[in-house]
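A short worksheet on the structure shown next.
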Number of protein chains: 2
Amino acid sequence: MSTIASFKDLLEAFRSMRCKKRIAIVCPTDEHTRDVALQCASEDLAEITLIHTDDDTQWCRQLQEKYPQHVTTILAGSPDDACRKAVAEVRQNKADVIMKGLINTDNLLRAVLDKEHGILRKGNVMTHLTAAEIPGYDHLLLFSDAAVIPYPDLTQMDAMVRYGVNMCRRLGSDTPNVALIHFTEKTSEKFPYTIDYATLKERADNGDYGSVHMAGPMDVKSACDAHSAQVKGIESDVTGHADMLIFPNLTAANTFYKTLTLFGHSSNAAIVCGADAPIVVPSRADSAESKFYSLALACVAATSDRN
Amino acid sequence: MSTIASFKDLLEAFRSMRCKKRIAIVCPTDEHTRDVALQCASEDLAEITLIHTDDDTQWCRQLQEKYPQHVTTILAGSPDDACRKAVAEVRQNKADVIMKGLINTDNLLRAVLDKEHGILRKGNVMTHLTAAEIPGYDHLLLFSDAAVIPYPDLTQMDAMVRYGVNMCRRLGSDTPNVALIHFTEKTSEKFPYTIDYATLKERADNGDYGSVHMAGPMDVKSACDAHSAQVKGIESDVTGHADMLIFPNLTAANTFYKTLTLFGHSSNAAIVCGADAPIVVPSRADSAESKFYSLALACVAATSDRN
């Protein structure tokens, strides 16, 4: 498999998928979501099921009539009903990916988490994974968790590593470089997550995550810039070449995400991992392009399950 | 007073100070620190006291001989002794600013914090303040705390606001815009710092910080980009035009600092506030330029105390 180092490569991989993914789109009310649906149908990229309320019936029917082989529609009684129906599609193995349109993320995740009818298996962790294409960085940089888990514990960080490493492999990196983020290189009882980092590194050494390089604690600059790491006297396979960053709290990861986008001029894709299907939950401020990248990332993430 | 919107303006202000500041430089062993000392002396920017160990005697003497009106030297028995002597200079009102060279920051701060001989008054808070010049942002952006306080409590955040607002005023902003950073706009018991934010806003409304605009919780992008804030439906005097960001934890602030520098190509200056003199504690990876900006910022911060 060739390496996916940019979103251009990612779209290429999405377009050339041997087996088209099936996407349940919940409430395609906003323009961006409709653009994504239209593009998937018109370019033969995926099979889509539009799960809509009465407000969107006309638009959804028109798309279905135009692309009958690519589009199915399901009428829901309410946005919450639409969420439940999307989750049911995954349970019945009729959808590989869920994407939200103009509904509240919390409402969709509530349906995903529902103990009886949801799609998060007991013991699984639901967490957010971002991929960023940053001018000046020569490959996609993944990180967690900028949106779902406020203060990840060891179990949750373990899951973040697993999902991130799996995604790195799907992007073509055989031995991903994982950096554990902290503001210094010190492991200290004062910062319990650095003790968890030590455990994660033991697990990595034991082969629990397959072939990986894992290092840390270190700061973002040491992880992504070899010269900075060298000046600080820390060197490893990871420093300067991180593929995946694990952040100790959501505010730090969210700050990274927002700063990269605003001042680093990055493009981003993001999915929620851990449920039986990857979930795309774009935020209102995301660009149309970013939403499409996210969908492509979700489809690549879902690949191994069906191909 | 004209506005200081860039580091060029800051250096201009530093150069045109009516009353030269007196700087105690601890262990000027590394090249960058020596360059700063040389520049201060040769350009008549400040009076400097070089507090050195025997290793640096030769270099310090030479500088003193060359610039006898600008340079004083004090021989210390050890790096720790040099730290104590620098603190003593401030106590005896012989120095306005302390700058560290090649010694461990912790050792210097230990001397600053010493209960008997230190310079942090009881009840005062010592915290780190950064100023960033970011391509695409039209004025200096201040933020705390990227290096000293891991999880600031209400008292510490109150101090961060006061020092930040004071610095904004010295940079020429009459009514600084302060943004309280969180990953969403929600105030919630689950995140106690957002409850503290509510208290800070009450204090701002009560005039405790003088004339300021304060808003939040909000994310970094809403604070610094008006369009993003608009899309999210949040609007205030602060959104898009923040002068000062308060972060809820050190990892988030440090991530902001490192991401800005590496991917946003910012230049930075930083000082430690709260003691009887501003303290410059550059890190090894800082550029020579950044160290000089930090010294200029410290001298501007020290201004009101003597001018």
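By convention in this document, the chains of the structure tokens carry letters A, B, ... by their order, each chain's residues are numbered from 1, and ligands are numbered from 1 in the order they are shown.
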**OP:** Excluding Thr194 (chain B) and residues on its chain fewer than 5 positions from it, collect all residues at most 10 Å away from it, counting only C-alpha atoms, and give them as a ChimeraX atom specification.
**Re:** /B:180-182,185-189,199-200,216-217,248
Original post:
Got a sec to pull out which chain A residues are within 9 Å of chain B, counting only C-alpha atoms, and send them as a ChimeraX atom specification?
Top reply: /A:134-137,146-147,181-183,219-222,224-225,227-232,247-256,258-266,283-285
Emit the selected residues as a tab-separated table (two decimals), in the first residue's frame, including N, CA and C atoms.
```tsv
chain	number	residue	atom	x	y	z
A	134	ILE	N	-0.48	20.04	7.69
A	134	ILE	CA	0.08	21.32	8.13
A	134	ILE	C	1.18	21.76	7.17
A	135	PRO	N	1.06	22.97	6.63
A	135	PRO	CA	2.13	23.47	5.77
A	135	PRO	C	3.48	23.40	6.51
A	136	GLY	N	4.47	22.78	5.90
A	136	GLY	CA	5.78	22.65	6.53
A	136	GLY	C	6.00	21.32	7.23
A	137	TYR	N	4.93	20.53	7.42
A	137	TYR	CA	5.08	19.20	8.04
A	137	TYR	C	4.83	18.19	6.92
A	146	ALA	N	-9.49	16.00	20.91
A	146	ALA	CA	-9.80	17.43	20.88
A	146	ALA	C	-11.27	17.71	21.09
A	147	ALA	N	-12.09	16.68	21.37
A	147	ALA	CA	-13.52	16.97	21.42
A	147	ALA	C	-14.38	16.12	22.34
A	181	ILE	N	2.25	13.78	25.05
A	181	ILE	CA	2.48	15.21	25.25
A	181	ILE	C	2.36	15.65	26.71
A	182	HIS	N	3.30	16.47	27.12
A	182	HIS	CA	3.38	17.07	28.45
A	182	HIS	C	4.22	18.33	28.24
A	183	PHE	N	4.27	19.21	29.24
A	183	PHE	CA	5.02	20.44	28.98
A	183	PHE	C	6.51	20.31	29.25
A	219	ASP	N	7.14	17.92	24.83
A	219	ASP	CA	6.23	18.98	24.39
A	219	ASP	C	6.00	18.88	22.88
A	220	VAL	N	5.01	19.63	22.41
A	220	VAL	CA	4.59	19.57	21.01
A	220	VAL	C	5.74	19.89	20.06
A	221	LYS	N	6.59	20.83	20.46
A	221	LYS	CA	7.67	21.26	19.57
A	221	LYS	C	8.72	20.15	19.43
A	222	SER	N	9.03	19.50	20.53
A	222	SER	CA	9.99	18.39	20.45
A	222	SER	C	9.43	17.26	19.61
A	224	CYS	N	7.47	17.48	17.05
A	224	CYS	CA	7.29	17.81	15.63
A	224	CYS	C	8.48	18.52	15.00
A	225	ASP	N	9.51	18.81	15.78
A	225	ASP	CA	10.65	19.54	15.23
A	225	ASP	C	11.95	18.96	15.79
A	227	HIS	N	15.03	19.76	15.43
A	227	HIS	CA	16.02	20.71	15.96
A	227	HIS	C	15.69	21.09	17.41
A	228	SER	N	14.41	21.40	17.68
A	228	SER	CA	14.01	21.76	19.05
A	228	SER	C	14.31	20.64	20.02
A	229	ALA	N	14.04	19.41	19.61
A	229	ALA	CA	14.30	18.26	20.48
A	229	ALA	C	15.79	18.14	20.77
A	230	GLN	N	16.59	18.36	19.73
A	230	GLN	CA	18.04	18.27	19.86
A	230	GLN	C	18.57	19.30	20.85
A	231	VAL	N	18.08	20.54	20.73
A	231	VAL	CA	18.50	21.61	21.64
A	231	VAL	C	18.18	21.23	23.08
A	232	LYS	N	17.05	20.57	23.27
A	232	LYS	CA	16.65	20.16	24.61
A	232	LYS	C	17.38	18.89	25.05
A	247	PHE	N	-2.68	13.76	23.86
A	247	PHE	CA	-2.73	14.90	24.78
A	247	PHE	C	-3.35	14.47	26.11
A	248	PRO	N	-2.89	15.08	27.20
A	248	PRO	CA	-3.40	14.66	28.52
A	248	PRO	C	-4.75	15.26	28.88
A	249	ASN	N	-5.19	16.30	28.16
A	249	ASN	CA	-6.53	16.82	28.42
A	249	ASN	C	-7.09	17.48	27.17
A	250	LEU	N	-8.42	17.58	27.19
A	250	LEU	CA	-9.15	18.06	26.02
A	250	LEU	C	-8.82	19.51	25.68
A	251	THR	N	-8.65	20.36	26.70
A	251	THR	CA	-8.38	21.77	26.43
A	251	THR	C	-7.05	21.92	25.69
A	252	ALA	N	-6.06	21.13	26.08
A	252	ALA	CA	-4.77	21.19	25.39
A	252	ALA	C	-4.91	20.73	23.94
A	253	ALA	N	-5.63	19.61	23.73
A	253	ALA	CA	-5.79	19.08	22.37
A	253	ALA	C	-6.63	20.03	21.53
A	254	ASN	N	-7.67	20.60	22.13
A	254	ASN	CA	-8.53	21.54	21.41
A	254	ASN	C	-7.75	22.81	21.05
A	255	THR	N	-6.91	23.25	21.97
A	255	THR	CA	-6.06	24.42	21.71
A	255	THR	C	-5.11	24.13	20.56
A	256	PHE	N	-4.55	22.92	20.55
A	256	PHE	CA	-3.67	22.52	19.45
A	256	PHE	C	-4.43	22.59	18.12
A	258	LYS	N	-7.22	24.22	17.30
A	258	LYS	CA	-7.64	25.56	16.89
A	258	LYS	C	-6.45	26.42	16.47
A	259	THR	N	-5.33	26.27	17.16
A	259	THR	CA	-4.14	27.07	16.84
A	259	THR	C	-3.55	26.64	15.50
A	260	LEU	N	-3.51	25.32	15.30
A	260	LEU	CA	-3.05	24.81	14.01
A	260	LEU	C	-3.87	25.36	12.86
A	261	THR	N	-5.19	25.35	13.05
A	261	THR	CA	-6.09	25.76	11.98
A	261	THR	C	-5.94	27.25	11.71
A	262	LEU	N	-5.98	28.05	12.80
A	262	LEU	CA	-6.02	29.49	12.64
A	262	LEU	C	-4.66	30.08	12.26
A	263	PHE	N	-3.63	29.69	12.99
A	263	PHE	CA	-2.32	30.32	12.78
A	263	PHE	C	-1.35	29.43	11.99
A	264	GLY	N	-1.59	28.11	11.97
A	264	GLY	CA	-0.72	27.20	11.21
A	264	GLY	C	-1.29	26.90	9.84
A	265	HIS	N	-2.51	27.41	9.58
A	265	HIS	CA	-3.16	27.24	8.28
A	265	HIS	C	-3.27	25.78	7.88
A	266	SER	N	-3.54	24.92	8.86
A	266	SER	CA	-3.71	23.50	8.56
A	266	SER	C	-5.10	23.23	7.98
A	283	SER	N	-17.99	20.30	13.10
A	283	SER	CA	-18.55	21.41	13.87
A	283	SER	C	-18.94	22.51	12.90
A	284	ARG	N	-19.79	23.41	13.38
A	284	ARG	CA	-20.36	24.43	12.51
A	284	ARG	C	-19.30	25.24	11.77
A	285	ALA	N	-18.19	25.46	12.47
A	285	ALA	CA	-17.17	26.35	11.89
A	285	ALA	C	-16.27	25.65	10.87
```
**OP:** Excluding Val90 (chain A) and any residue of its chain fewer than 2 positions from it, enumerate the residues within 12 Å of it, using only C-alpha atoms, and give them as a PyMOL selection string.
**Re:** chain A and resi 21-25+49+83-88+92-99+111-112+117-120+275-279+302
Subject >> Test item: residues at most 12 Å from His241 (chain A), only C-alpha atoms, excluding those fewer than 2 positions along its chain, as JSON, numbers by chain >> reply: {"A": [137, 138, 139, 140, 141, 142, 173, 175, 176, 177, 178, 179, 213, 214, 215, 220, 221, 222, 223, 224, 225, 226, 227, 228, 229, 235, 236, 237, 238, 239, 243, 244, 245]}
Those selected residues, please, written with N, CA, C and O atoms and delivered as a compact mmCIF listing (two decimals), in the first residue's frame.
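Contents of again24.txt, freshly written:
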```txt
# COMPACT_ATOMS: atom_id res chain seq x y z
N TYR A 137 4.93 20.53 7.42
CA TYR A 137 5.08 19.20 8.04
C TYR A 137 4.83 18.19 6.92
O TYR A 137 3.79 18.27 6.26
N ASP A 138 5.71 17.21 6.76
CA ASP A 138 5.69 16.47 5.51
C ASP A 138 4.75 15.27 5.47
O ASP A 138 4.74 14.53 4.50
N HIS A 139 3.95 15.09 6.54
CA HIS A 139 2.94 14.03 6.47
C HIS A 139 1.77 14.40 7.38
O HIS A 139 1.86 15.38 8.13
N LEU A 140 0.70 13.64 7.29
CA LEU A 140 -0.46 13.94 8.14
C LEU A 140 -0.10 13.70 9.60
O LEU A 140 0.60 12.74 9.93
N LEU A 141 -0.56 14.58 10.46
CA LEU A 141 -0.32 14.44 11.90
C LEU A 141 -1.65 14.14 12.60
O LEU A 141 -2.61 14.89 12.49
N LEU A 142 -1.70 13.00 13.29
CA LEU A 142 -2.92 12.61 14.00
C LEU A 142 -2.82 13.01 15.46
O LEU A 142 -1.72 13.04 16.03
N SER A 173 1.72 3.94 7.33
CA SER A 173 2.90 3.98 8.18
C SER A 173 3.02 2.65 8.94
O SER A 173 2.20 2.35 9.80
N THR A 175 5.36 1.53 11.06
CA THR A 175 5.80 1.67 12.45
C THR A 175 5.54 3.11 12.88
O THR A 175 6.43 3.97 12.81
N PRO A 176 4.30 3.40 13.32
CA PRO A 176 3.96 4.80 13.64
C PRO A 176 4.76 5.33 14.82
O PRO A 176 5.12 4.58 15.74
N ASN A 177 5.05 6.63 14.79
CA ASN A 177 5.73 7.33 15.88
C ASN A 177 4.70 8.03 16.75
O ASN A 177 4.04 8.97 16.30
N VAL A 178 4.58 7.58 17.99
CA VAL A 178 3.58 8.14 18.91
C VAL A 178 4.27 8.98 19.97
O VAL A 178 5.15 8.49 20.68
N ALA A 179 3.87 10.25 20.10
CA ALA A 179 4.45 11.14 21.12
C ALA A 179 3.42 11.41 22.21
O ALA A 179 2.27 11.75 21.93
N HIS A 213 6.94 3.13 17.50
CA HIS A 213 7.87 3.87 18.34
C HIS A 213 7.03 4.76 19.23
O HIS A 213 6.16 5.47 18.74
N MET A 214 7.27 4.71 20.54
CA MET A 214 6.52 5.58 21.44
C MET A 214 7.51 6.29 22.36
O MET A 214 8.43 5.66 22.88
N ALA A 215 7.34 7.59 22.53
CA ALA A 215 8.24 8.34 23.41
C ALA A 215 7.48 9.48 24.08
O ALA A 215 6.43 9.90 23.63
N VAL A 220 5.01 19.63 22.41
CA VAL A 220 4.59 19.57 21.01
C VAL A 220 5.74 19.89 20.06
O VAL A 220 5.90 19.27 19.02
N LYS A 221 6.59 20.83 20.46
CA LYS A 221 7.67 21.26 19.57
C LYS A 221 8.72 20.15 19.43
O LYS A 221 9.22 19.91 18.34
N SER A 222 9.03 19.50 20.53
CA SER A 222 9.99 18.39 20.45
C SER A 222 9.43 17.26 19.61
O SER A 222 10.17 16.59 18.89
N ALA A 223 8.12 17.04 19.69
CA ALA A 223 7.49 15.96 18.94
C ALA A 223 7.55 16.21 17.43
O ALA A 223 7.68 15.27 16.65
N CYS A 224 7.47 17.48 17.05
CA CYS A 224 7.29 17.81 15.63
C CYS A 224 8.48 18.52 15.00
O CYS A 224 8.44 18.83 13.82
N ASP A 225 9.51 18.81 15.78
CA ASP A 225 10.65 19.54 15.23
C ASP A 225 11.95 18.96 15.79
O ASP A 225 12.24 19.11 16.98
N ALA A 226 12.71 18.32 14.92
CA ALA A 226 13.91 17.61 15.36
C ALA A 226 14.92 18.56 16.00
O ALA A 226 15.55 18.21 17.00
N HIS A 227 15.03 19.76 15.43
CA HIS A 227 16.02 20.71 15.96
C HIS A 227 15.69 21.09 17.41
O HIS A 227 16.57 21.10 18.28
N SER A 228 14.41 21.40 17.68
CA SER A 228 14.01 21.76 19.05
C SER A 228 14.31 20.64 20.02
O SER A 228 14.76 20.87 21.14
N ALA A 229 14.04 19.41 19.61
CA ALA A 229 14.30 18.26 20.48
C ALA A 229 15.79 18.14 20.77
O ALA A 229 16.20 17.89 21.90
N GLU A 235 16.38 12.88 22.30
CA GLU A 235 16.35 12.30 20.96
C GLU A 235 15.76 10.91 21.01
O GLU A 235 15.96 10.17 21.96
N SER A 236 14.96 10.60 20.01
CA SER A 236 14.35 9.28 19.90
C SER A 236 13.88 9.15 18.46
O SER A 236 13.99 10.09 17.67
N ASP A 237 13.35 7.99 18.11
CA ASP A 237 12.80 7.84 16.76
C ASP A 237 11.62 8.76 16.55
O ASP A 237 11.27 9.11 15.43
N VAL A 238 10.97 9.14 17.65
CA VAL A 238 9.73 9.91 17.56
C VAL A 238 10.00 11.40 17.37
O VAL A 238 9.38 12.05 16.51
N THR A 239 10.91 11.96 18.15
CA THR A 239 11.13 13.42 18.15
C THR A 239 11.35 13.95 16.74
O THR A 239 12.17 13.44 16.00
N ASP A 243 3.88 10.88 14.27
CA ASP A 243 2.70 10.61 13.44
C ASP A 243 1.43 10.82 14.24
O ASP A 243 0.37 11.08 13.67
N MET A 244 1.54 10.63 15.56
CA MET A 244 0.34 10.67 16.42
C MET A 244 0.73 11.31 17.75
O MET A 244 1.74 10.95 18.35
N LEU A 245 -0.07 12.28 18.21
CA LEU A 245 0.14 12.91 19.52
C LEU A 245 -0.99 12.52 20.46
O LEU A 245 -2.16 12.58 20.08
```
**OP:** Enumerate, as number ranges by chain, the complete set of residues in region 111-301 of chain B that a backbone-based DSSP assignment places in strand (DSSP E or B).
**Re:** B: 127-133, 141-144, 177-181, 213-218, 244-246, 267-273, 279-280
Original post:
Please, what distance in Å, to one decimal, runs between CA of Ile103 (chain A) and CA of Val272 (chain A)?
Top reply: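 It comes out at 15.7 Å.
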**OP:** Mind the document's chain letters and residue numbers, and return as a PyMOL selection string the residues of region 87-263 of chain B that DSSP labels alpha helix (DSSP H).
**Re:** chain B and resi 87-91+105-113+154-170+192-205+220-224+226-231+250-263
Original post:
What's the 8 Å shell around Leu75 (chain A), counting only C-alpha atoms, without same-chain residues fewer than 5 positions away, as a count of residues only?
Top reply: 6
**OP:** Find the spatial neighbours of region 128-130 of chain B, counting only C-alpha atoms, within a cut-off of 9 Å - ignore same-chain residues fewer than 4 positions away - and output them as an MDAnalysis selection string.
**Re:** chainID B and resid 141:149 160 163:164 257 268:274 294
